[in-house]
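Okay, final-v2.csv now, which holds CSV, C-alpha atoms:
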chain,number,residue,atom,x,y,z
C,1,MET,CA,8.1,-2.4,-22.1
C,2,SER,CA,9.2,-1.3,-18.7
C,3,GLU,CA,11.5,1.4,-20.1
C,4,HIS,CA,8.4,3.2,-21.4
C,5,VAL,CA,8.8,6.8,-20.0
C,6,VAL,CA,5.5,8.1,-18.7
C,7,SER,CA,5.0,11.9,-18.9
C,8,ALA,CA,5.3,13.8,-15.7
C,9,LYS,CA,1.9,15.3,-16.4
C,10,THR,CA,0.3,11.9,-16.3
C,11,TYR,CA,1.9,11.2,-12.9
C,12,ILE,CA,0.8,14.5,-11.5
C,13,ALA,CA,-2.7,14.0,-12.7
C,14,VAL,CA,-2.9,10.6,-11.0
C,15,TRP,CA,-1.4,12.1,-7.8
C,16,LEU,CA,-4.0,14.8,-7.7
C,17,THR,CA,-6.8,12.3,-8.4
C,18,LEU,CA,-5.6,10.2,-5.5
C,19,LEU,CA,-5.4,13.1,-3.1
C,20,VAL,CA,-8.9,14.3,-4.1
C,21,LEU,CA,-10.3,10.8,-3.6
C,22,THR,CA,-8.8,10.6,-0.2
C,23,GLY,CA,-10.7,13.8,0.7
C,24,VAL,CA,-13.9,12.4,-0.8
C,25,THR,CA,-13.7,9.1,1.0
C,26,ALA,CA,-13.1,10.8,4.4
C,27,GLY,CA,-16.0,13.3,3.7
C,28,VAL,CA,-18.5,10.7,2.5
C,29,ALA,CA,-18.0,8.7,5.7
C,30,PHE,CA,-19.8,11.4,7.6
C,31,ILE,CA,-22.9,11.2,5.4
C,32,ASN,CA,-25.5,8.6,6.3
C,33,LEU,CA,-25.8,6.2,3.3
C,34,GLY,CA,-26.8,3.2,5.3
C,35,PRO,CA,-25.0,0.1,4.2
C,36,PHE,CA,-23.7,1.9,1.2
C,37,ASN,CA,-21.1,3.8,3.3
C,38,THR,CA,-18.9,0.7,3.3
C,39,ILE,CA,-19.5,0.0,-0.4
C,40,VAL,CA,-18.6,3.5,-1.4
C,41,ALA,CA,-15.5,3.5,0.7
C,42,LEU,CA,-14.4,0.2,-0.8
C,43,VAL,CA,-15.2,1.3,-4.4
C,44,ILE,CA,-13.1,4.5,-3.9
C,45,ALA,CA,-10.2,2.5,-2.4
C,46,THR,CA,-10.3,0.0,-5.2
C,47,PHE,CA,-10.3,2.8,-7.8
C,48,LYS,CA,-7.3,4.4,-6.1
C,49,ALA,CA,-5.5,1.1,-5.9
C,50,LEU,CA,-6.2,0.5,-9.6
C,51,LEU,CA,-4.7,3.9,-10.6
C,52,VAL,CA,-1.5,3.1,-8.6
C,53,VAL,CA,-1.2,-0.4,-10.1
C,54,LEU,CA,-1.8,0.6,-13.7
C,55,ILE,CA,0.1,3.9,-13.9
C,56,PHE,CA,2.6,4.2,-11.0
C,57,MET,CA,3.4,0.5,-11.1
C,58,HIS,CA,3.5,0.5,-14.9
C,59,VAL,CA,1.3,-2.5,-15.4
C,60,LYS,CA,-0.6,-0.6,-18.1
C,61,TYR,CA,2.6,-0.1,-20.1
C,62,THR,CA,4.3,-3.4,-19.6
C,63,SER,CA,4.6,-5.7,-22.7
C,64,GLU,CA,5.4,-8.7,-20.4
C,65,LYS,CA,2.0,-10.5,-20.3
C,66,MET,CA,3.1,-12.7,-17.4
C,67,VAL,CA,3.2,-9.7,-15.1
C,68,LYS,CA,-0.5,-9.1,-15.9
C,69,VAL,CA,-1.2,-12.8,-15.3
C,70,VAL,CA,0.5,-12.6,-11.9
C,71,VAL,CA,-1.4,-9.5,-10.9
C,72,VAL,CA,-4.8,-10.8,-12.0
C,73,SER,CA,-4.2,-14.2,-10.3
C,74,ALA,CA,-3.0,-12.7,-7.1
C,75,VAL,CA,-6.2,-10.6,-6.9
C,76,PHE,CA,-8.3,-13.6,-7.9
C,77,PHE,CA,-6.8,-15.7,-5.0
C,78,LEU,CA,-7.3,-12.9,-2.6
C,79,LEU,CA,-11.0,-12.6,-3.6
C,80,LEU,CA,-11.3,-16.4,-3.3
C,81,LEU,CA,-10.0,-16.2,0.3
C,82,LEU,CA,-12.2,-13.3,1.3
C,83,GLY,CA,-15.3,-14.3,-0.7
C,84,LEU,CA,-15.5,-18.0,0.4
C,85,SER,CA,-14.7,-17.1,4.0
C,86,LEU,CA,-17.4,-14.5,4.1
C,87,ALA,CA,-19.8,-16.8,2.3
C,88,ASP,CA,-19.2,-19.3,5.1
C,89,TYR,CA,-19.4,-16.9,8.1
C,90,THR,CA,-22.4,-14.9,6.9
C,91,THR,CA,-24.5,-18.0,6.3
C,92,ARG,CA,-23.8,-19.8,9.6
C,93,LEU,CA,-26.8,-20.1,11.9
C,94,LEU,CA,-24.6,-20.7,15.0
B,1,MET,CA,33.9,-16.0,-26.2
B,2,ALA,CA,35.0,-12.5,-26.9
B,3,ASP,CA,35.2,-13.3,-30.6
B,4,SER,CA,31.6,-14.4,-30.7
B,5,PRO,CA,29.6,-12.0,-32.9
B,6,ILE,CA,26.6,-11.9,-30.5
B,7,ALA,CA,28.7,-11.0,-27.5
B,8,VAL,CA,30.5,-8.3,-29.4
B,9,GLU,CA,27.3,-6.8,-30.8
B,10,HIS,CA,25.5,-5.7,-27.6
B,11,HIS,CA,27.9,-5.7,-24.7
B,12,ASN,CA,26.3,-3.9,-21.8
B,13,PRO,CA,28.2,-4.5,-18.6
B,14,ALA,CA,24.9,-4.8,-16.7
B,15,LEU,CA,23.6,-7.6,-19.0
B,16,LYS,CA,24.0,-11.0,-17.4
B,17,HIS,CA,25.0,-13.8,-19.8
B,18,HIS,CA,21.8,-15.8,-19.4
B,19,PHE,CA,19.5,-13.1,-20.8
B,20,ALA,CA,19.2,-12.4,-24.5
B,21,ASP,CA,19.1,-8.6,-24.1
B,22,MET,CA,18.5,-5.8,-21.6
B,23,GLU,CA,14.8,-5.7,-22.1
B,24,GLN,CA,14.4,-9.4,-21.4
B,25,GLN,CA,16.6,-9.0,-18.3
B,26,ARG,CA,14.5,-6.1,-17.0
B,27,GLU,CA,11.2,-7.9,-17.6
B,28,ALA,CA,12.4,-11.0,-15.9
B,29,SER,CA,13.3,-9.1,-12.7
B,30,SER,CA,10.0,-7.2,-12.8
B,31,LEU,CA,8.1,-10.5,-13.1
B,32,GLY,CA,10.0,-11.8,-10.1
B,33,MET,CA,9.2,-8.7,-8.1
B,34,TRP,CA,5.5,-9.1,-8.9
B,35,LEU,CA,5.6,-12.8,-7.8
B,36,PHE,CA,7.0,-11.6,-4.5
B,37,LEU,CA,4.2,-8.9,-4.2
B,38,ALA,CA,1.6,-11.7,-4.9
B,39,THR,CA,2.9,-13.5,-1.8
B,40,GLU,CA,2.6,-10.1,0.1
B,41,ILE,CA,-1.0,-9.7,-1.0
B,42,MET,CA,-1.8,-13.1,0.5
B,43,PHE,CA,0.1,-12.2,3.7
B,44,PHE,CA,-1.9,-9.1,4.3
B,45,GLY,CA,-5.0,-10.9,2.9
B,46,GLY,CA,-5.1,-13.2,5.9
B,47,MET,CA,-5.3,-10.2,8.2
B,48,PHE,CA,-7.9,-8.5,6.0
B,49,CYS,CA,-10.0,-11.6,6.1
B,50,ALA,CA,-9.9,-11.8,9.9
B,51,TYR,CA,-10.8,-8.2,10.0
B,52,LEU,CA,-13.8,-8.5,7.7
B,53,ILE,CA,-15.3,-11.5,9.6
B,54,TYR,CA,-15.0,-9.8,13.0
B,55,ARG,CA,-16.3,-6.5,11.6
B,56,LEU,CA,-19.3,-8.3,10.3
B,57,TRP,CA,-20.0,-10.0,13.7
B,58,TYR,CA,-19.2,-7.0,16.0
B,59,PHE,CA,-20.0,-4.1,13.7
B,60,PRO,CA,-21.5,-1.7,16.4
B,61,ASP,CA,-18.5,-2.2,18.7
B,62,PHE,CA,-16.0,-1.9,15.8
B,63,GLY,CA,-17.8,1.4,14.9
B,64,ALA,CA,-17.3,2.7,18.4
B,65,ALA,CA,-13.7,1.7,18.6
B,66,SER,CA,-13.0,3.1,15.1
B,67,ASN,CA,-14.5,6.4,16.1
B,68,SER,CA,-11.8,6.8,18.8
B,69,LEU,CA,-9.1,6.9,16.1
B,70,ASP,CA,-8.0,10.3,14.8
B,71,ILE,CA,-9.4,10.7,11.4
B,72,THR,CA,-7.3,13.8,10.6
B,73,LEU,CA,-4.1,12.1,11.3
B,74,GLY,CA,-5.2,9.1,9.3
B,75,ALA,CA,-6.1,11.2,6.3
B,76,VAL,CA,-2.9,13.2,6.5
B,77,ASN,CA,-0.9,10.0,6.6
B,78,THR,CA,-2.8,8.8,3.5
B,79,ALA,CA,-1.9,12.0,1.7
B,80,VAL,CA,1.8,11.7,2.9
B,81,LEU,CA,2.0,8.2,1.4
B,82,ILE,CA,0.3,9.2,-1.9
B,83,CYS,CA,2.9,12.1,-2.2
B,84,SER,CA,5.7,9.6,-1.5
B,85,SER,CA,4.4,7.4,-4.3
B,86,LEU,CA,4.6,10.4,-6.6
B,87,THR,CA,8.2,11.1,-5.6
B,88,VAL,CA,9.0,7.4,-6.2
B,89,VAL,CA,7.7,7.4,-9.8
B,90,MET,CA,9.5,10.7,-10.4
B,91,ALA,CA,12.7,9.2,-9.1
B,92,VAL,CA,12.3,6.2,-11.5
B,93,ARG,CA,11.5,8.6,-14.3
B,94,ALA,CA,14.6,10.6,-13.6
B,95,ALA,CA,16.7,7.4,-13.8
B,96,GLN,CA,15.0,6.5,-17.1
B,97,LEU,CA,16.0,9.9,-18.4
B,98,GLY,CA,19.5,9.7,-16.9
B,99,LYS,CA,19.1,12.7,-14.6
B,100,ARG,CA,21.2,11.9,-11.5
B,101,GLN,CA,20.5,15.0,-9.5
B,102,GLN,CA,16.7,14.7,-9.9
B,103,GLN,CA,17.0,11.0,-8.8
B,104,VAL,CA,18.8,12.0,-5.7
B,105,ILE,CA,16.3,14.8,-4.8
B,106,TYR,CA,13.2,12.6,-5.4
B,107,LEU,CA,14.7,9.7,-3.4
B,108,ALA,CA,15.5,12.1,-0.5
B,109,LEU,CA,12.0,13.4,-0.6
B,110,THR,CA,10.6,9.9,-0.5
B,111,LEU,CA,12.7,9.2,2.6
B,112,VAL,CA,11.5,12.3,4.3
B,113,LEU,CA,7.8,11.5,3.5
B,114,GLY,CA,8.3,7.9,4.6
B,115,LEU,CA,9.8,9.0,7.9
B,116,ALA,CA,7.0,11.6,8.3
B,117,PHE,CA,4.4,8.8,8.0
B,118,LEU,CA,6.2,6.8,10.7
B,119,GLY,CA,6.3,9.9,12.9
B,120,VAL,CA,2.6,10.4,12.7
B,121,LYS,CA,2.0,6.7,13.3
B,122,ALA,CA,4.2,7.0,16.5
B,123,VAL,CA,2.1,9.9,17.7
B,124,GLU,CA,-1.1,8.0,17.1
B,125,TRP,CA,0.2,4.9,18.9
B,126,THR,CA,1.4,6.9,21.8
B,127,SER,CA,-2.0,8.4,22.4
B,128,LYS,CA,-3.6,4.9,22.1
B,129,PHE,CA,-1.1,3.7,24.7
B,130,LYS,CA,-2.0,6.6,27.1
B,131,GLU,CA,-5.7,5.8,26.6
B,132,HIS,CA,-5.2,2.1,27.5
B,133,HIS,CA,-6.4,1.1,24.1
B,134,ILE,CA,-3.5,-1.4,23.7
B,135,PRO,CA,-4.9,-5.0,24.0
B,136,GLY,CA,-3.7,-6.7,27.1
B,137,PRO,CA,-4.5,-6.8,30.9
B,138,THR,CA,-4.7,-3.0,31.2
B,139,PHE,CA,-7.0,-2.6,28.2
B,140,ASN,CA,-9.9,-0.3,28.9
B,141,PHE,CA,-12.3,1.1,26.4
B,142,GLU,CA,-15.1,3.4,27.6
B,143,GLY,CA,-17.7,4.4,25.1
B,144,SER,CA,-21.1,3.7,23.6
B,145,ILE,CA,-22.3,2.4,20.2
B,146,PRO,CA,-22.4,5.3,17.7
B,147,SER,CA,-26.0,4.7,16.6
B,148,HIS,CA,-27.3,3.8,20.1
B,149,PRO,CA,-25.7,6.1,22.6
B,150,ASP,CA,-27.4,4.4,25.6
B,151,GLN,CA,-25.7,1.0,24.7
B,152,PRO,CA,-22.2,0.5,26.2
B,153,VAL,CA,-19.4,-1.1,24.1
B,154,ASP,CA,-18.5,-4.7,24.7
B,155,GLN,CA,-14.9,-4.6,26.0
B,156,HIS,CA,-13.9,-7.9,24.4
B,157,HIS,CA,-15.2,-6.9,21.0
B,158,ALA,CA,-13.4,-3.5,21.2
B,159,GLN,CA,-10.2,-5.3,22.2
B,160,ILE,CA,-10.5,-7.5,19.1
B,161,PHE,CA,-10.8,-4.3,17.0
B,162,PHE,CA,-7.6,-2.9,18.5
B,163,SER,CA,-5.7,-6.2,18.2
B,164,LEU,CA,-6.5,-6.1,14.5
B,165,TYR,CA,-5.7,-2.4,14.3
B,166,PHE,CA,-2.2,-2.9,15.9
B,167,ALA,CA,-1.5,-6.1,13.9
B,168,MET,CA,-2.4,-4.5,10.6
B,169,THR,CA,-0.9,-1.0,11.1
B,170,GLY,CA,2.0,-2.6,12.8
B,171,MET,CA,2.8,-4.9,9.9
B,172,HIS,CA,2.3,-2.0,7.5
B,173,ALA,CA,4.7,0.2,9.6
B,174,LEU,CA,7.2,-2.7,9.6
B,175,HIS,CA,7.0,-2.7,5.8
B,176,MET,CA,7.5,1.1,5.9
B,177,VAL,CA,10.6,0.7,8.1
B,178,ILE,CA,12.1,-1.8,5.6
B,179,GLY,CA,11.1,0.5,2.7
B,180,VAL,CA,13.0,3.4,4.4
B,181,GLY,CA,16.1,1.1,4.7
B,182,ILE,CA,15.8,0.1,1.0
B,183,PHE,CA,15.4,3.7,-0.1
B,184,SER,CA,18.4,4.8,2.0
B,185,TYR,CA,20.5,2.3,0.0
B,186,LEU,CA,19.0,3.5,-3.3
B,187,LEU,CA,19.8,7.1,-2.3
B,188,TYR,CA,23.4,6.2,-1.7
B,189,HIS,CA,23.7,4.5,-5.1
B,190,ALA,CA,21.8,7.2,-6.9
B,191,TRP,CA,24.3,9.7,-5.4
B,192,LYS,CA,27.2,7.5,-6.7
B,193,GLY,CA,25.5,7.4,-10.2
B,194,THR,CA,24.9,3.7,-10.2
B,195,TYR,CA,21.5,3.9,-12.0
B,196,THR,CA,21.5,4.8,-15.7
B,197,PRO,CA,18.7,4.7,-18.4
B,198,GLU,CA,20.1,1.2,-19.3
B,199,TYR,CA,20.2,-0.1,-15.8
B,200,TYR,CA,17.9,1.0,-13.0
B,201,THR,CA,16.2,-2.3,-12.0
B,202,PRO,CA,16.8,-1.9,-8.2
B,203,LEU,CA,15.0,1.5,-8.4
B,204,GLU,CA,12.1,0.2,-10.5
B,205,ASN,CA,11.6,-2.9,-8.3
B,206,SER,CA,11.9,-1.0,-5.0
B,207,GLY,CA,9.4,1.4,-6.4
B,208,LEU,CA,6.9,-1.5,-7.0
B,209,TYR,CA,7.4,-2.5,-3.3
B,210,TRP,CA,6.8,1.1,-2.1
B,211,HIS,CA,3.6,1.4,-4.2
B,212,PHE,CA,2.4,-1.9,-2.8
B,213,VAL,CA,2.8,-0.7,0.7
B,214,ASP,CA,0.9,2.5,-0.3
B,215,ILE,CA,-2.0,0.4,-1.7
B,216,VAL,CA,-2.2,-1.5,1.6
B,217,TRP,CA,-2.6,1.8,3.4
B,218,ILE,CA,-5.2,3.0,0.8
B,219,TYR,CA,-7.4,0.1,2.1
B,220,LEU,CA,-6.4,0.3,5.8
B,221,PHE,CA,-7.5,4.0,6.0
B,222,PRO,CA,-11.2,3.6,5.2
B,223,LEU,CA,-11.4,0.1,6.8
B,224,LEU,CA,-10.0,1.1,10.2
B,225,TYR,CA,-10.7,4.8,10.5
B,226,LEU,CA,-14.0,5.3,8.7
B,227,ILE,CA,-16.4,2.7,10.3
B,228,ASP,CA,-19.8,4.1,11.3
B,229,ARG,CA,-18.8,7.8,11.3
B,230,LYS,CA,-22.1,9.0,10.0
B,231,LYS,CA,-24.1,11.4,12.1

As structure tokens:
Amino acid sequence: MSEHVVSAKTYIAVWLTLLVLTGVTAGVAFINLGPFNTIVALVIATFKALLVVLIFMHVKYTSEKMVKVVVVSAVFFLLLLLGLSLADYTTRLL
Amino acid sequence: MADSPIAVEHHNPALKHHFADMEQQREASSLGMWLFLATEIMFFGGMFCAYLIYRLWYFPDFGAASNSLDITLGAVNTAVLICSSLTVVMAVRAAQLGKRQQQVIYLALTLVLGLAFLGVKAVEWTSKFKEHHIPGPTFNFEGSIPSHPDQPVDQHHAQIFFSLYFAMTGMHALHMVIGVGIFSYLLYHAWKGTYTPEYYTPLENSGLYWHFVDIVWIYLFPLLYLIDRKK
């Protein structure tokens, strides 16, 4: 149901979380975690994106299942593109 | 037709005849918007893919080039976009609750934040231009690999980083410019009182677009600005 009215409190909580995570991701970049620097940055970015999609973009509240199908399949095809390309380029011996 | 009991029962002037009710109409338009966003994901996905492959190949040079970007401006711009996403959801909420004045205020704030983002971006690009970091015949990048200060940066690899940087932030900024145009239109209509709790589809769908552009930046910030920053 897209007319579901989300409380202003929820929106502000999400907004604060997003701001804090922006600070965290910038701060963590200066700490040496070896290869985990990239992983931590991507995990934080994905968590932030998830918050935006579910709450701000109302995917959590929609009763239209096709919207969820479109979102999941779009992400799936993106991961297919990135995953298979990287699987190729990282295993080439040339 | 006017005598048909169905037509008489729910006659909302915004309801098009091929939809059963307002809810179905709203969900159909939202689904269409999401399909458009799926194509946008694949559009940006191509650039992200190119970026990931080159980053994997030329990681040390990418780190050096990334370190020349202003992390403060990048973080501030991330915060600006996150704030604009909040004002967008608040504007949609105001429409759902039928509060015209709040709608106008939140949409105006969104426009201000969107323009602030573009302003910061212009400052960043100007400094890159002055430093000769724009890919082309005058490209020149002096620097060394962050983890090996005695090793100079490969100019070609640094140039690839900046090509991707300008392609990705440029396409993102173009989306922001289009977003500012769309939100100016929405502001005008919100001012006229076009959007009501029964009909605010343009606001809802433009909001989805704005959040999508925000998400792209949420990924661009760590990927472009935060490579190999560790001390």

*Find the residues in chain B near chain C: any atom within 6 Å counts, using only C-alpha atoms. Write them as a list in words.*
Leu31, Ala38, Cys49, Leu208, Ile215, Ile218, Tyr219, Arg229 and Lys230 of chain B

_Point-to-point distance in Å for CA of Ser163 (chain B) and CA of Trp210 (chain B)_ =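 Straight-line distance from CA of Trp210 (chain B) to CA of Ser163 (chain B) works out to 24.9 Å.
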
*Shell of 6 Å around region 143-157 of chain B, only C-alpha atoms, local chain residues under 6 positions omitted, as an MDAnalysis selection string*: chainID B and resid 60:61 64

Output C-alpha atoms of each residue in that selection to a file, as a PDB file, in the frame of the given file.
ATOM      1  CA  PRO B  60     -21.500  -1.700  16.400  1.00  0.00           C
ATOM      2  CA  ASP B  61     -18.500  -2.200  18.700  1.00  0.00           C
ATOM      3  CA  ALA B  64     -17.300   2.700  18.400  1.00  0.00           C
TER       4      ALA B  64
END

*asked:* Please report the interatomic distance between CA of Ala65 (chain B) and CA of Tyr51 (chain B) in Å with one decimal.
replied: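 If I compute the distance from CA of Ala65 (chain B) to CA of Tyr51 (chain B), I get 13.4 Å.
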
*Do you have the CA of Gly98 (chain B)-CA of Pro197 (chain B) distance handy?*
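These atoms are spaced 5.3 Å apart.
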
_Among listed residues B:Ile178, B:Leu37, B:Ile227, B:Leu86, nearest Tyr58 (chain B) (using all atoms listed in the file)_ =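 Of all the options, B:Ile227 lies closest to Tyr58 (chain B).
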